[in-house]
Amino acid sequence: MRILAAGDHFVGTGLLAGAVRAEIGAGHEFSELTLPWPVEPFGPVANVHEASGTEEQVIEALAGAEVAVTQMAPFTKQVFAAAPGLKLVSVCRGGPVNVDLAAATEAGVAVTYAPGRNAGAAAEFAVGMILAAMRRISTSSAELLGGTWRGDYYAYDQAGLELDGTTVGLVGYGAIGARVAKVLVAFGAKVLVSDPFADPAKIAADGAELVELDDLLRRSFVVSLHARLTEETRHLIDAAKLALLPEGAVLVNTARGGLLDYSPLPDALRSGRLGALALDVYDVEPPPADWALRDAPNVIATPHLAGASRQTAERAASIVAAEVGRYVRGEALANLANPEVLRP
């Protein structure tokens, strides 16, 4: 069997190939392709999103392959048409957004993904962003390094707030949101959750309270977004929703840029309606030079790093390798994105 390992500079090609070899043993041929992400930003390729590299590169590397493992390679209708022997694409991401699932199904190719691969890293990062925003960690550091000693931050009306006793609202309760909740509860926070698909019993067992989104926004001093981006959740938090937040509230988004309508944020920060904003994701990545939030007060901004841990890369490779092992042994695939491909 021939296998394509299409890695990048995070989940490396060697890491992918090594994990698959460890899972299925010797006797298989490998072709390798290294894609430019994250040295170069990802973007849409044909009709798939968040991909790296070109269709032509993938088609050439796929010659004779039955299985492909990747994080970012674009698998489009054109790619599937050029690879008639392909049977499995295993994507080491939380969702196969770089794959045209309809084209894969039409071509008879099973597509798997890696839920939870970065849950620990992303949850830690989200909590870090919450703490940084509430306690002015990054902004005061930047001011000090710039030559300004802000002793006035110790004044009562300027001092930060503790998580202990603070109400934090989590919008979305998947693998990441649930981890964040457990950490926040351990800090002593009151945690509210809004997620129409979450299990109320699990939320209660985790020490949180399930509420409607508007109720969460009205009651929460900190709101952290953890929902998936769909047509229904695009601009889920817009000007009308922001207006429901308490004066001076903190908003954190480490999930997907499209969950937020960014246009009202600069004015909300300048007016004090929003006390602080912590972002790791954006509607346009990277943000343009004239980005309106560059000179807004109390903004923390990082370049889409929440999932960037070495353990995430290693876990991602392990998850896709396990799926290849199941395929080789004729077992059911664990995380199949297009189950209809198995129907006669």
# chains A, B, ... in the order shown; residues from 1 in each chain; ligands from 1

$ select_by_dssp --residues "region 86-241 of chain A" --states "alpha helix (DSSP H)" --output "ChimeraX atom specification"
/A:101-106,119-134,137-145,175-187,200-205,213-219,239-241

$ residues_around --residues "Arg117 (chain A)" --least-positions-apart "4" --cutoff "6 Å" --atoms "only C-alpha atoms" --output "count of residues only"
3

$ residues_around --residues "Leu163 (chain A)" --least-positions-apart "3" --cutoff "12 Å" --atoms "only C-alpha atoms" --output "VMD selection string"
chain A and resid 127 to 128 130 to 135 160 166 to 169 181 183 to 191 220 to 222 250

$ select_by_dssp --residues "region 16-96 of chain A" --states "strand (DSSP E or B)" --output "list in words"
Glu29, Phe30, Ser31, Glu32, Leu33, Thr34, Gly43, Pro44, Val45, Val48, His49, Glu50, Ala51, Val67, Ala68, Val69, Thr70, Phe75, Leu88, Val89, Ser90 and Val91 of chain A

$ atom_distance --atom1 "CA of Gly95 (chain A)" --atom2 "CA of Ala51 (chain A)"
12.1 Å

$ residues_around --residues "Gly248 (chain A)" --least-positions-apart "3" --cutoff "10 Å" --atoms "only C-alpha atoms" --output "compact mmCIF listing (two decimals) with all heavy atoms, in the first residue's frame"
# COMPACT_ATOMS: atom_id res chain seq x y z
N PHE A 221 -19.55 38.53 33.58
CA PHE A 221 -18.56 39.60 33.48
C PHE A 221 -17.46 39.22 32.49
O PHE A 221 -16.83 40.08 31.89
CB PHE A 221 -17.94 39.90 34.85
CG PHE A 221 -17.00 41.06 34.80
CD1 PHE A 221 -17.47 42.37 34.75
CD2 PHE A 221 -15.63 40.85 34.77
CE1 PHE A 221 -16.60 43.44 34.68
CE2 PHE A 221 -14.75 41.93 34.70
CZ PHE A 221 -15.24 43.22 34.66
N VAL A 222 -17.24 37.93 32.32
CA VAL A 222 -16.30 37.44 31.31
C VAL A 222 -17.05 36.49 30.40
O VAL A 222 -17.79 35.62 30.87
CB VAL A 222 -15.11 36.69 31.95
CG1 VAL A 222 -14.17 36.16 30.88
CG2 VAL A 222 -14.36 37.58 32.93
N LEU A 245 -24.04 42.78 27.52
CA LEU A 245 -23.00 42.52 28.51
C LEU A 245 -23.00 43.60 29.59
O LEU A 245 -23.32 44.76 29.34
CB LEU A 245 -21.63 42.51 27.83
CG LEU A 245 -21.32 41.32 26.93
CD1 LEU A 245 -20.05 41.58 26.13
CD2 LEU A 245 -21.17 40.06 27.76
N LEU A 251 -14.29 40.16 26.97
CA LEU A 251 -14.68 39.23 25.91
C LEU A 251 -13.43 38.55 25.36
O LEU A 251 -12.43 39.21 25.05
CB LEU A 251 -15.39 39.99 24.78
CG LEU A 251 -15.86 39.17 23.58
CD1 LEU A 251 -16.87 38.11 23.99
CD2 LEU A 251 -16.48 40.10 22.52
N ALA A 268 -16.87 49.97 21.33
CA ALA A 268 -17.25 49.39 22.62
C ALA A 268 -16.09 49.48 23.60
O ALA A 268 -16.29 49.73 24.81
CB ALA A 268 -17.68 47.94 22.44
N LEU A 269 -14.86 49.32 23.12
CA LEU A 269 -13.69 49.42 23.99
C LEU A 269 -13.42 50.87 24.38
O LEU A 269 -13.12 51.17 25.54
CB LEU A 269 -12.47 48.84 23.28
CG LEU A 269 -12.45 47.30 23.17
CD1 LEU A 269 -11.52 46.86 22.05
CD2 LEU A 269 -12.02 46.68 24.50
N SER A 271 -15.48 53.34 24.60
CA SER A 271 -16.51 53.87 25.48
C SER A 271 -16.48 53.23 26.87
O SER A 271 -17.12 53.73 27.80
CB SER A 271 -17.89 53.62 24.87
OG SER A 271 -18.20 52.23 24.87
N GLY A 272 -15.72 52.15 27.02
CA GLY A 272 -15.72 51.42 28.29
C GLY A 272 -16.83 50.40 28.40
O GLY A 272 -16.94 49.69 29.40
N ARG A 273 -17.70 50.37 27.38
CA ARG A 273 -18.78 49.36 27.38
C ARG A 273 -18.18 47.96 27.49
O ARG A 273 -18.69 47.08 28.16
CB ARG A 273 -19.56 49.49 26.07
CG ARG A 273 -20.81 48.63 26.01
CD ARG A 273 -21.96 49.34 26.72
NE ARG A 273 -23.10 48.47 26.93
CZ ARG A 273 -23.18 47.53 27.86
NH1 ARG A 273 -22.17 47.31 28.67
NH2 ARG A 273 -24.28 46.82 28.01
N LEU A 274 -17.05 47.79 26.78
CA LEU A 274 -16.27 46.57 26.87
C LEU A 274 -14.97 46.91 27.59
O LEU A 274 -14.23 47.80 27.18
CB LEU A 274 -15.99 46.04 25.46
CG LEU A 274 -15.59 44.58 25.28
CD1 LEU A 274 -16.66 43.65 25.84
CD2 LEU A 274 -15.35 44.29 23.80
N GLY A 275 -14.70 46.21 28.68
CA GLY A 275 -13.53 46.54 29.49
C GLY A 275 -12.23 46.03 28.92
O GLY A 275 -11.18 46.67 29.07
N ALA A 276 -12.26 44.87 28.28
CA ALA A 276 -11.07 44.30 27.68
C ALA A 276 -11.49 43.28 26.63
O ALA A 276 -12.57 42.67 26.72
CB ALA A 276 -10.18 43.64 28.73

$ closest_residue --among "A:Ala308, A:Ala6, A:Leu144, A:Ala278" --to "Leu225 (chain A)" --atoms "only C-alpha atoms"
A:Ala278

$ atom_distance --atom1 "CA of Ile3 (chain A)" --atom2 "CA of Ala65 (chain A)"
5.2 Å

$ atom_distance --atom1 "CA of Pro84 (chain A)" --atom2 "CA of Leu4 (chain A)"
14.1 Å

$ residues_around --residues "Leu293 (chain A)" --least-positions-apart "5" --cutoff "12 Å" --atoms "only C-alpha atoms" --output "PyMOL selection string"
chain A and resi 262-270+276-279+282+287-288+298-301

$ residues_around --residues "Thr112 (chain A)" --least-positions-apart "5" --cutoff "10 Å" --atoms "only C-alpha atoms" --output "list in words"
Val69, Leu88, Val89, Ser90, Val91, Cys92, Arg93, Gly94, Gly95, Pro96, Ile319, Val320, Glu323, Val324, Leu333, Ala334, Asn335, Leu336, Ala337, Asn338 and Pro339 of chain A

$ residues_around --residues "Phe197 (chain A)" --least-positions-apart "5" --cutoff "10 Å" --atoms "only C-alpha atoms" --output "number ranges by chain"
A: 172-174

$ closest_residue --among "A:Glu340, A:Thr70, A:Arg219, A:Gly64" --to "Val20 (chain A)" --atoms "only C-alpha atoms"
A:Thr70

$ closest_residue --among "A:Val48, A:Leu33, A:Ala292, A:Ala205" --to "Lys182 (chain A)" --atoms "only C-alpha atoms"
A:Ala205
